[in-house]
>>> print(open('work_17.tsv').read())   # TSV, C-alpha atoms
chain	number	residue	atom	x	y	z
F	14	MET	CA	-38.69	12.49	28.59
F	15	LYS	CA	-35.92	9.92	28.14
F	16	ASP	CA	-38.40	7.48	26.55
F	17	ILE	CA	-39.42	10.12	24.01
F	18	LYS	CA	-35.78	10.81	23.11
F	19	CYS	CA	-35.07	7.09	22.67
F	20	LEU	CA	-38.17	6.68	20.49
F	21	PHE	CA	-37.15	9.64	18.34
F	22	LEU	CA	-33.63	8.20	17.95
F	23	ILE	CA	-35.00	4.79	16.91
F	24	ILE	CA	-37.29	6.40	14.30
F	25	PHE	CA	-34.40	8.50	13.02
F	26	LEU	CA	-32.08	5.49	12.61
F	27	PHE	CA	-34.81	3.37	11.05
F	28	TYR	CA	-35.59	6.07	8.51
F	29	PHE	CA	-32.02	6.60	7.38
F	30	SER	CA	-31.16	2.90	7.41
F	31	PHE	CA	-33.09	2.77	4.14
F	32	LYS	CA	-31.20	4.75	1.52
F	33	SER	CA	-33.65	6.19	-0.96
F	34	TYR	CA	-33.09	4.19	-4.10
F	35	SER	CA	-35.89	4.55	-6.65
F	36	GLN	CA	-36.57	1.92	-9.32
F	37	VAL	CA	-36.53	4.65	-11.97
F	38	ASP	CA	-32.79	5.11	-11.37
F	39	VAL	CA	-31.61	5.39	-14.99
F	40	SER	CA	-27.88	5.62	-15.58
F	41	ILE	CA	-27.20	3.90	-18.94
F	42	ASN	CA	-28.63	4.60	-22.43
F	43	VAL	CA	-27.83	2.15	-25.24
F	44	GLY	CA	-28.89	2.16	-28.88
F	45	ILE	CA	-28.75	-1.64	-29.26
F	46	ALA	CA	-31.19	-4.07	-27.62
F	47	PRO	CA	-29.79	-6.53	-25.07
F	48	PRO	CA	-29.63	-10.22	-26.10
F	49	PRO	CA	-32.30	-12.71	-24.97
F	50	LEU	CA	-31.99	-14.21	-21.50
F	51	PRO	CA	-30.06	-17.50	-21.47
F	52	VAL	CA	-31.86	-20.61	-20.21
F	53	TYR	CA	-30.07	-22.16	-17.23
F	54	SER	CA	-30.58	-24.30	-14.16
F	55	GLN	CA	-30.39	-22.67	-10.75
F	56	PRO	CA	-27.64	-23.90	-8.40
F	57	PRO	CA	-28.80	-24.95	-4.90
F	58	CYS	CA	-28.91	-22.33	-2.15
F	59	PRO	CA	-25.71	-22.75	-0.07
F	60	TYR	CA	-26.81	-21.08	3.18
F	61	ASP	CA	-29.98	-20.52	5.09
F	62	GLY	CA	-31.20	-16.91	4.70
F	63	TYR	CA	-29.63	-16.28	1.27
F	64	LEU	CA	-31.91	-14.86	-1.48
F	65	TRP	CA	-31.73	-15.36	-5.22
F	66	SER	CA	-30.57	-12.48	-7.44
F	67	PRO	CA	-31.34	-13.44	-11.08
F	68	GLY	CA	-28.76	-12.98	-13.84
F	69	TYR	CA	-28.98	-10.07	-16.30
F	70	TRP	CA	-27.23	-8.41	-19.22
F	71	ALA	CA	-25.13	-5.39	-18.17
F	72	TYR	CA	-23.41	-2.95	-20.53
F	73	SER	CA	-19.94	-1.38	-20.78
F	74	ASP	CA	-17.98	0.40	-23.53
F	75	GLU	CA	-17.15	-3.02	-24.98
F	76	GLY	CA	-20.78	-4.11	-25.24
F	77	TYR	CA	-23.17	-6.33	-23.32
F	78	TYR	CA	-21.87	-8.89	-20.81
F	79	TRP	CA	-23.69	-11.42	-18.66
F	80	VAL	CA	-23.79	-11.04	-14.87
F	81	PRO	CA	-24.49	-14.54	-13.50
F	82	GLY	CA	-27.45	-15.22	-11.22
F	83	VAL	CA	-26.25	-15.68	-7.66
F	84	TRP	CA	-27.43	-16.47	-4.15
F	85	ILE	CA	-26.74	-13.39	-2.05
F	86	SER	CA	-26.99	-12.36	1.60
F	87	PRO	CA	-29.62	-9.61	2.04
F	88	PRO	CA	-28.59	-6.34	3.74
F	89	ARG	CA	-31.06	-6.94	6.57
F	90	VAL	CA	-33.93	-9.13	7.71
F	91	GLY	CA	-37.34	-8.61	6.11
F	92	VAL	CA	-36.28	-7.23	2.70
F	93	LEU	CA	-36.73	-8.73	-0.77
F	94	TRP	CA	-34.84	-8.16	-4.02
F	95	THR	CA	-36.44	-6.37	-6.99
F	96	PRO	CA	-34.31	-7.05	-10.12
F	97	GLY	CA	-33.22	-4.31	-12.51
F	98	TYR	CA	-34.50	-4.24	-16.11
F	99	TRP	CA	-33.96	-2.67	-19.54
F	100	ASN	CA	-36.70	-0.33	-20.80
F	101	TYR	CA	-36.99	0.98	-24.35
F	102	THR	CA	-38.02	4.64	-24.41
F	103	GLY	CA	-37.13	7.68	-26.51
F	104	GLY	CA	-35.21	5.56	-29.03
F	105	TYR	CA	-32.82	4.14	-26.40
F	106	TYR	CA	-32.63	1.13	-24.11
F	107	ARG	CA	-32.25	2.40	-20.57
F	108	TRP	CA	-31.24	0.42	-17.53
F	109	SER	CA	-33.14	0.75	-14.25
F	110	ARG	CA	-31.12	-0.65	-11.37
F	111	GLY	CA	-32.56	-3.16	-8.89
F	112	TYR	CA	-33.07	-2.52	-5.17
F	113	TRP	CA	-33.96	-4.08	-1.81
F	114	GLY	CA	-37.22	-3.28	-0.07
F	115	PRO	CA	-40.05	-4.70	2.07
F	116	HIS	CA	-41.94	-5.68	-1.12
F	117	VAL	CA	-40.96	-6.69	-4.65
F	118	GLY	CA	-41.75	-3.86	-7.04
F	119	TYR	CA	-41.95	-3.42	-10.80
F	120	TYR	CA	-39.13	-5.00	-12.85
F	121	GLY	CA	-40.40	-4.36	-16.37
F	122	GLY	CA	-42.43	-7.56	-16.76
F	123	VAL	CA	-39.23	-9.48	-17.59
F	124	GLY	CA	-39.58	-13.17	-16.70
F	125	TYR	CA	-36.27	-13.93	-14.98
F	126	GLY	CA	-37.64	-17.21	-13.57
F	127	TYR	CA	-37.16	-18.89	-10.18
F	128	GLY	CA	-40.01	-16.93	-8.57
F	129	TYR	CA	-39.74	-13.84	-10.82
F	130	SER	CA	-42.46	-14.55	-13.41
F	131	GLY	CA	-42.65	-10.93	-14.60
F	132	SER	CA	-44.82	-9.52	-11.83
F	133	GLY	CA	-44.37	-10.04	-8.10
F	134	PHE	CA	-42.37	-12.82	-6.49
F	135	VAL	CA	-43.35	-16.34	-5.40
F	136	GLY	CA	-39.95	-17.85	-4.60
F	137	GLY	CA	-40.16	-17.40	-0.83
F	138	MET	CA	-41.30	-15.21	2.05
F	139	TRP	CA	-40.25	-13.89	5.43
F	140	ARG	CA	-41.87	-15.33	8.54
F	141	GLY	CA	-40.57	-13.29	11.45
F	142	ASN	CA	-36.78	-13.30	11.28
F	143	SER	CA	-36.59	-16.47	9.17
F	144	TYR	CA	-36.79	-16.76	5.40
F	145	HIS	CA	-38.77	-19.69	3.98
F	146	TYR	CA	-38.14	-21.08	0.49
F	147	ASN	CA	-40.78	-22.25	-1.96
F	148	THR	CA	-39.12	-25.38	-3.31
F	149	ALA	CA	-41.69	-25.55	-6.11
F	150	VAL	CA	-39.73	-22.85	-7.95
F	151	VAL	CA	-36.31	-22.55	-6.24
F	152	ASN	CA	-33.49	-25.01	-5.69
F	153	VAL	CA	-32.13	-25.40	-2.16
F	154	ASN	CA	-29.82	-27.79	-0.36
F	155	LYS	CA	-32.25	-29.34	2.14
F	156	THR	CA	-29.43	-30.70	4.29
F	157	ILE	CA	-28.53	-27.06	5.05
F	158	VAL	CA	-31.79	-25.17	4.47
F	159	HIS	CA	-34.70	-26.44	6.57
F	160	ASN	CA	-37.25	-23.62	6.31
F	161	THR	CA	-39.04	-24.68	3.14
F	162	TYR	CA	-42.58	-25.05	1.81
F	163	ILE	CA	-44.28	-25.97	-1.47
F	164	ASN	CA	-46.87	-23.75	-3.12
F	165	GLN	CA	-48.72	-26.03	-5.55
F	166	THR	CA	-50.67	-23.14	-7.10
F	167	VAL	CA	-47.56	-21.68	-8.69
F	168	ILE	CA	-47.45	-22.49	-12.40
F	169	ASN	CA	-43.88	-21.34	-13.21
F	170	ASN	CA	-41.23	-24.00	-13.25
F	171	ASN	CA	-37.51	-23.78	-12.66
F	172	THR	CA	-36.70	-22.27	-16.04
F	173	THR	CA	-37.77	-19.03	-17.69
F	174	ASN	CA	-40.60	-19.30	-20.21
F	175	ASN	CA	-40.09	-15.82	-21.62
F	176	HIS	CA	-36.53	-15.08	-22.82
F	177	THR	CA	-37.07	-11.40	-23.67
F	178	SER	CA	-34.70	-9.27	-21.61
F	179	PHE	CA	-36.25	-5.80	-21.96
F	180	ASN	CA	-39.52	-3.87	-21.77
F	181	GLY	CA	-40.93	-1.76	-24.59
F	182	PRO	CA	-41.36	-1.98	-28.37
F	183	ASN	CA	-40.66	-5.49	-29.59
F	184	GLY	CA	-40.04	-6.52	-25.99
F	185	VAL	CA	-42.30	-7.23	-23.04
F	186	ASN	CA	-45.29	-4.90	-23.16
F	187	THR	CA	-46.39	-4.51	-19.55
F	188	LYS	CA	-46.95	-1.59	-17.21
F	189	PRO	CA	-46.73	-1.43	-13.42
F	190	THR	CA	-49.82	-2.44	-11.44
F	191	SER	CA	-51.32	-0.25	-8.75
F	192	GLN	CA	-49.59	-2.35	-6.09
F	193	GLU	CA	-46.24	-1.98	-7.88
F	194	GLN	CA	-46.80	1.76	-8.17
F	195	ALA	CA	-47.36	1.91	-4.41
F	196	THR	CA	-44.19	-0.12	-3.87
F	197	SER	CA	-42.20	2.40	-5.90
F	198	LYS	CA	-42.94	5.04	-3.21
F	199	GLU	CA	-41.37	2.97	-0.43
F	200	ASN	CA	-37.86	3.55	0.85
F	201	HIS	CA	-35.40	1.24	-0.86
F	202	ILE	CA	-31.90	-0.02	-0.16
F	203	GLN	CA	-29.26	0.00	-2.87
F	204	PRO	CA	-27.48	-3.21	-4.00
F	205	THR	CA	-25.00	-4.62	-1.51
F	206	ASP	CA	-21.24	-4.36	-1.91
F	207	GLU	CA	-21.14	-8.05	-2.91
F	208	GLN	CA	-23.68	-7.46	-5.69
F	209	ILE	CA	-21.71	-4.50	-7.04
F	210	SER	CA	-18.43	-6.43	-6.85
F	211	HIS	CA	-20.11	-9.40	-8.53
F	212	GLU	CA	-20.95	-7.18	-11.52
F	213	VAL	CA	-17.42	-5.75	-11.63
F	214	VAL	CA	-15.86	-9.22	-11.60
F	215	SER	CA	-18.14	-10.31	-14.45
F	216	ARG	CA	-17.09	-7.28	-16.51
F	217	LYS	CA	-13.43	-8.31	-16.16
F	218	ASP	CA	-14.16	-11.79	-17.54
F	219	ARG	CA	-13.91	-11.66	-21.35
F	220	SER	CA	-15.87	-14.90	-21.76
F	221	GLN	CA	-18.96	-13.17	-20.33
F	222	PHE	CA	-19.18	-10.64	-23.20
F	223	VAL	CA	-21.73	-11.33	-25.93
F	224	SER	CA	-19.09	-10.43	-28.54
F	225	VAL	CA	-17.19	-13.52	-27.37
F	226	ASN	CA	-19.88	-16.00	-26.29
F	227	LYS	CA	-22.55	-15.05	-28.90
F	228	GLY	CA	-25.21	-14.86	-26.19
F	229	LYS	CA	-24.20	-18.11	-24.45
F	230	PRO	CA	-21.92	-17.21	-21.53
F	231	ALA	CA	-19.65	-19.84	-20.00
F	232	THR	CA	-20.84	-19.01	-16.48
F	233	VAL	CA	-24.57	-18.37	-16.19
F	234	ALA	CA	-24.97	-18.80	-12.41
F	235	MET	CA	-23.03	-19.03	-9.14
F	236	ASP	CA	-23.94	-20.47	-5.75
F	237	LYS	CA	-22.56	-17.37	-3.96
F	238	PHE	CA	-20.31	-14.38	-4.49
F	239	ASN	CA	-16.82	-15.61	-5.47
F	240	GLY	CA	-18.21	-19.14	-5.22
F	241	ASN	CA	-18.57	-22.03	-7.68
F	242	HIS	CA	-19.30	-21.33	-11.35
F	243	PHE	CA	-22.13	-23.21	-13.10
F	244	ASP	CA	-22.95	-23.63	-16.77
F	245	GLU	CA	-26.44	-23.60	-18.32
F	246	LYS	CA	-27.02	-27.24	-17.33
F	247	GLY	CA	-26.30	-26.54	-13.68
F	248	LYS	CA	-22.93	-28.30	-13.74
F	249	PRO	CA	-19.81	-26.79	-12.17
F	250	ASN	CA	-17.71	-25.05	-14.80
F	251	ASN	CA	-14.39	-26.80	-14.16
F	252	SER	CA	-12.82	-25.44	-17.34
F	253	LEU	CA	-13.11	-21.90	-15.98
F	254	LYS	CA	-11.41	-22.95	-12.76
F	255	THR	CA	-8.64	-24.57	-14.82
F	256	GLU	CA	-8.13	-21.35	-16.76
F	257	LYS	CA	-7.96	-19.39	-13.51
F	258	GLY	CA	-5.54	-21.98	-12.17
F	259	ASN	CA	-3.40	-21.53	-15.26
F	260	ASP	CA	-3.45	-17.79	-14.71
F	261	ASN	CA	-2.34	-18.33	-11.14
F	262	ASN	CA	0.42	-20.65	-12.36
F	263	LYS	CA	1.54	-17.99	-14.84
F	264	ASN	CA	1.66	-15.46	-12.05
F	265	LYS	CA	3.65	-17.88	-9.91
F	266	THR	CA	6.03	-18.54	-12.84
F	267	GLU	CA	6.57	-14.82	-13.32
F	268	GLU	CA	7.19	-14.44	-9.59
F	269	GLY	CA	9.69	-17.32	-9.78
F	270	LYS	CA	11.50	-15.64	-12.68
F	271	THR	CA	11.69	-12.40	-10.74
F	272	LYS	CA	13.11	-14.24	-7.74
F	273	ASN	CA	15.70	-16.02	-9.92
F	274	GLN	CA	16.76	-12.71	-11.44
F	275	THR	CA	17.18	-11.26	-7.97
F	276	ILE	CA	19.24	-14.28	-6.88
F	277	ASN	CA	21.45	-14.04	-10.00
F	278	GLN	CA	22.09	-10.35	-9.37
F	279	ALA	CA	23.05	-11.12	-5.80
F	280	GLU	CA	25.45	-13.85	-6.96
F	281	LEU	CA	27.07	-11.47	-9.47
F	282	LYS	CA	27.61	-8.88	-6.74
F	283	LYS	CA	29.08	-11.57	-4.51
F	284	SER	CA	31.51	-12.70	-7.23
F	285	ASP	CA	32.61	-9.09	-7.81
F	286	ILE	CA	33.31	-8.70	-4.11
F	287	GLN	CA	35.31	-11.95	-4.10
F	288	LYS	CA	37.38	-10.72	-7.06
F	289	LYS	CA	38.18	-7.48	-5.29
F	290	GLU	CA	39.16	-9.21	-2.04
F	291	PRO	CA	42.56	-10.61	-3.36
F	292	GLU	CA	43.50	-7.14	-4.64
F	293	ASN	CA	42.74	-5.63	-1.26
F	294	LYS	CA	44.71	-8.41	0.42
F	295	ASP	CA	47.77	-7.65	-1.79
F	296	LEU	CA	47.56	-3.96	-0.95
F	297	ASN	CA	47.32	-4.71	2.75
F	298	LYS	CA	50.24	-7.15	2.44
F	299	ASN	CA	52.46	-4.48	0.84
F	300	ASP	CA	51.55	-2.00	3.54
F	301	ASN	CA	52.36	-4.52	6.24
F	302	GLU	CA	55.71	-5.36	4.63
F	303	HIS	CA	56.65	-1.69	4.51
F	304	ILE	CA	55.80	-1.32	8.20
F	305	ASP	CA	57.80	-4.45	9.09
F	306	ASN	CA	60.85	-3.23	7.18
F	307	GLN	CA	60.69	0.10	8.91
F	308	SER	CA	60.46	-1.55	12.32
F	309	LYS	CA	63.39	-3.84	11.48
F	310	LYS	CA	65.51	-0.84	10.54
F	311	ASP	CA	64.66	0.79	13.82
F	312	GLN	CA	65.59	-2.37	15.74
F	313	ASN	CA	69.02	-2.78	13.98
F	314	PRO	CA	71.91	-1.79	16.45
F	315	ILE	CA	73.96	-0.21	13.66
F	316	ASN	CA	71.09	2.02	12.76
F	317	LYS	CA	70.62	2.92	16.42
F	318	ASP	CA	74.32	4.00	16.71
F	319	ASN	CA	74.00	6.09	13.61
F	320	GLN	CA	70.93	7.72	15.01
F	321	GLN	CA	72.75	8.49	18.29
F	322	GLU	CA	75.70	10.01	16.45
F	323	ASN	CA	73.40	12.21	14.47
F	324	VAL	CA	71.72	13.34	17.68
F	325	ASN	CA	75.11	14.18	19.30
F	326	LYS	CA	76.23	16.12	16.28
F	327	GLU	CA	73.07	18.09	16.32
F	328	HIS	CA	73.58	18.97	20.01
F	329	GLN	CA	77.15	20.09	19.33
F	330	ASN	CA	76.05	22.34	16.53
F	331	GLN	CA	73.45	23.89	18.77
F	332	GLU	CA	76.10	24.57	21.52
F	333	ARG	CA	78.40	26.22	19.04
F	334	TYR	CA	75.69	28.46	17.83
F	335	ARG	CA	74.85	29.47	21.42
F	336	ASN	CA	78.55	30.26	22.23
F	337	LYS	CA	78.87	32.44	19.22
F	338	SER	CA	75.80	34.36	20.11
F	339	ASP	CA	76.97	34.78	23.73
F	340	ASN	CA	80.36	36.11	22.63
F	341	HIS	CA	78.73	38.49	20.27
F	342	VAL	CA	76.57	39.86	23.11
F	343	SER	CA	79.31	39.89	25.86
F	344	LYS	CA	81.84	42.08	23.98
F	345	PRO	CA	79.73	45.20	23.92
F	346	ASN	CA	78.95	44.71	27.63
F	347	GLU	CA	82.66	44.65	28.65
F	348	GLU	CA	83.40	47.75	26.65
F	349	ARG	CA	80.53	49.56	28.39
F	350	GLN	CA	81.87	48.53	31.80
F	351	ASN	CA	85.39	49.79	31.01
F	352	GLU	CA	84.02	53.08	29.82
F	353	ASN	CA	82.03	53.47	33.04
F	354	ILE	CA	85.15	52.76	35.12
F	355	ASN	CA	87.18	55.32	33.23
F	356	LEU	CA	84.45	57.89	33.66
F	357	ASN	CA	84.33	57.30	37.39
F	358	ARG	CA	88.11	57.76	37.69
F	359	GLN	CA	88.04	60.94	35.73
F	360	GLU	CA	85.28	62.34	37.95
F	361	ARG	CA	87.33	61.56	41.06
F	362	ARG	CA	90.35	63.33	39.75
F	363	ASN	CA	88.34	66.36	38.98
F	364	ARG	CA	86.91	66.45	42.49
F	365	GLU	CA	90.35	66.09	44.06
F	366	ARG	CA	91.65	69.01	42.13
F	367	GLN	CA	88.81	71.20	43.18
F	368	ASN	CA	88.98	70.28	46.97
F	369	PRO	CA	92.61	69.63	47.98
F	370	GLN	CA	91.79	70.02	51.69
F	371	ASN	CA	89.30	67.24	51.66
F	372	ASN	CA	91.79	65.08	49.91
F	373	ASN	CA	94.39	65.71	52.63
F	374	ASN	CA	91.88	64.86	55.35
F	375	GLN	CA	91.03	61.67	53.61
F	376	LYS	CA	94.69	60.77	53.26
F	377	GLY	CA	95.21	61.41	57.03
F	378	ARG	CA	92.30	59.14	57.88
F	379	LYS	CA	93.76	56.40	55.80
F	380	ARG	CA	97.11	56.68	57.50
F	381	SER	CA	95.63	56.56	61.02
F	382	ARG	CA	93.65	53.47	60.04
F	383	GLU	CA	96.79	51.85	58.80
F	384	LYS	CA	98.62	52.53	62.08
F	385	HIS	CA	95.87	51.05	64.15
>>> encode(input="work_17.tsv", output="structure tokens")
Amino acid sequence: MKDIKCLFLIIFLFYFSFKSYSQVDVSINVGIAPPPLPVYSQPPCPYDGYLWSPGYWAYSDEGYYWVPGVWISPPRVGVLWTPGYWNYTGGYYRWSRGYWGPHVGYYGGVGYGYGYSGSGFVGGMWRGNSYHYNTAVVNVNKTIVHNTYINQTVINNNTTNNHTSFNGPNGVNTKPTSQEQATSKENHIQPTDEQISHEVVSRKDRSQFVSVNKGKPATVAMDKFNGNHFDEKGKPNNSLKTEKGNDNNKNKTEEGKTKNQTINQAELKKSDIQKKEPENKDLNKNDNEHIDNQSKKDQNPINKDNQQENVNKEHQNQERYRNKSDNHVSKPNEERQNENINLNRQERRNRERQNPQNNNNQKGRKRSREKH
């Protein structure tokens, strides 16, 4: 049961590892025919296992521009590259994008050269997990690439014999063979990220546009993505590197200017701070002098005596105020006491008048006490 599940998983992954990418993928319609293919020498293959992707004319809003031929790493072992092509139909030139697959399919009969004679491919083949190069039609660096062979029956040489870049009226008049029709039904893999980026980089280079180079681009081929640029004679395009170097120098110069501006602004701020420091020092000095003078006044003996006198006077004034208030309160109290005494005396007199006998007894008691 586990073996069946593993087998099903392998089939599932294998099936979806190929993204369906048909050769009839049409995304661009143009009313003007693309220019003829430039004639150029192929740079040597830089790494073992890299495959050749021939150059082609792409299109943007600014017109046609040349995407250099380039050695590229395939997305997986066992696949070959079928180039894209322009096809005239319905009054427009339509672009069919290239793809990777187990076999090379139909590419419009356009003779891109270096194994792509217009039908099929004779530039190399896979033997197991290794790719072997037919050095009769492709250029390789034999010090790096060792899996090579020579097919003497191949007639095409290292340059394109047919410069027409599209299929249809007034272009190449070919139709797909039965084998190519069968290939179109296979599962295909879309161009790699490097191939897509390679086209984007070419579009950003103004010298690659036909409106600038008149059909003769400065860079017709490259040994790898973001690698060395080669002209039509197969020589490194040093002038392009110099221009890019100048651009880098301009960028560095602009960065240097920005840094200098930042430094100047920092120096101006520093000078402003230094100008403000003396003013702050003067203010602090005045504050310190005021504090020193105050402390000196406090330490002067004459000032101390004056302060003591003022304190004594203040105490005396407070005592006087208290005495006055006490006198004001004590007078009413004395009057109340005298009144109470008088009332008590009057009450006694009244009692004595009412009880004369008791009074006599009390007088006798006093006299006997006196005698004793």
>>> closest_residue(input="work_17.tsv", among="F:Ser224, F:Asn164, F:Gln359, F:Ser178", to="Trp70 of chain F", atoms="all atoms listed in the file")
F:Ser178
>>> atom_distance(input="work_17.tsv", atom1="atom CA of Gly62 of chain F", atom2="atom CA of Ser143 of chain F")
7.0 Å
>>> atom_distance(input="work_17.tsv", atom1="atom CA of Ala231 of chain F", atom2="atom CA of Glu245 of chain F")
7.9 Å
>>> residues_around(input="work_17.tsv", residues="Lys155 of chain F", least_positions_apart="3", cutoff="10 Å", atoms="all atoms listed in the file", output="PDB file with C-alpha atoms, in the coordinates of the input")
ATOM      1  CA  PRO F  57     -28.800 -24.950  -4.900  1.00  0.00           C
ATOM      2  CA  CYS F  58     -28.910 -22.330  -2.150  1.00  0.00           C
ATOM      3  CA  PRO F  59     -25.710 -22.750  -0.070  1.00  0.00           C
ATOM      4  CA  TYR F  60     -26.810 -21.080   3.180  1.00  0.00           C
ATOM      5  CA  ASP F  61     -29.980 -20.520   5.090  1.00  0.00           C
ATOM      6  CA  THR F 148     -39.120 -25.380  -3.310  1.00  0.00           C
ATOM      7  CA  ASN F 152     -33.490 -25.010  -5.690  1.00  0.00           C
ATOM      8  CA  VAL F 158     -31.790 -25.170   4.470  1.00  0.00           C
ATOM      9  CA  HIS F 159     -34.700 -26.440   6.570  1.00  0.00           C
ATOM     10  CA  ASN F 160     -37.250 -23.620   6.310  1.00  0.00           C
ATOM     11  CA  THR F 161     -39.040 -24.680   3.140  1.00  0.00           C
TER      12      THR F 161
END
>>> closest_residue(input="work_17.tsv", among="F:Asn100, F:Asn180, F:Thr95, F:Asn357", to="Val123 of chain F", atoms="all atoms listed in the file")
F:Asn180
>>> residues_near_point(input="work_17.tsv", point="(-43.7, -8.0, -14.7)", cutoff="6 Å", atoms="all atoms listed in the file", output="ChimeraX atom specification")
/F:120-123,131-132
>>> closest_residue(input="work_17.tsv", among="F:Ala149, F:Val214, F:Val233, F:Val43", to="Pro56 of chain F", atoms="only C-alpha atoms")
F:Val233
>>> residues_around(input="work_17.tsv", residues="Arg216 of chain F", least_positions_apart="6", cutoff="8 Å", atoms="only C-alpha atoms", output="ChimeraX atom specification")
/F:73,78,80,222
>>> closest_residue(input="work_17.tsv", among="F:Ser191, F:Ser54, F:Asn147, F:Asn154", to="Tyr125 of chain F", atoms="all atoms listed in the file")
F:Ser54
>>> atom_distance(input="work_17.tsv", atom1="atom CA of Ala234 of chain F", atom2="atom CA of Asn142 of chain F")
27.0 Å
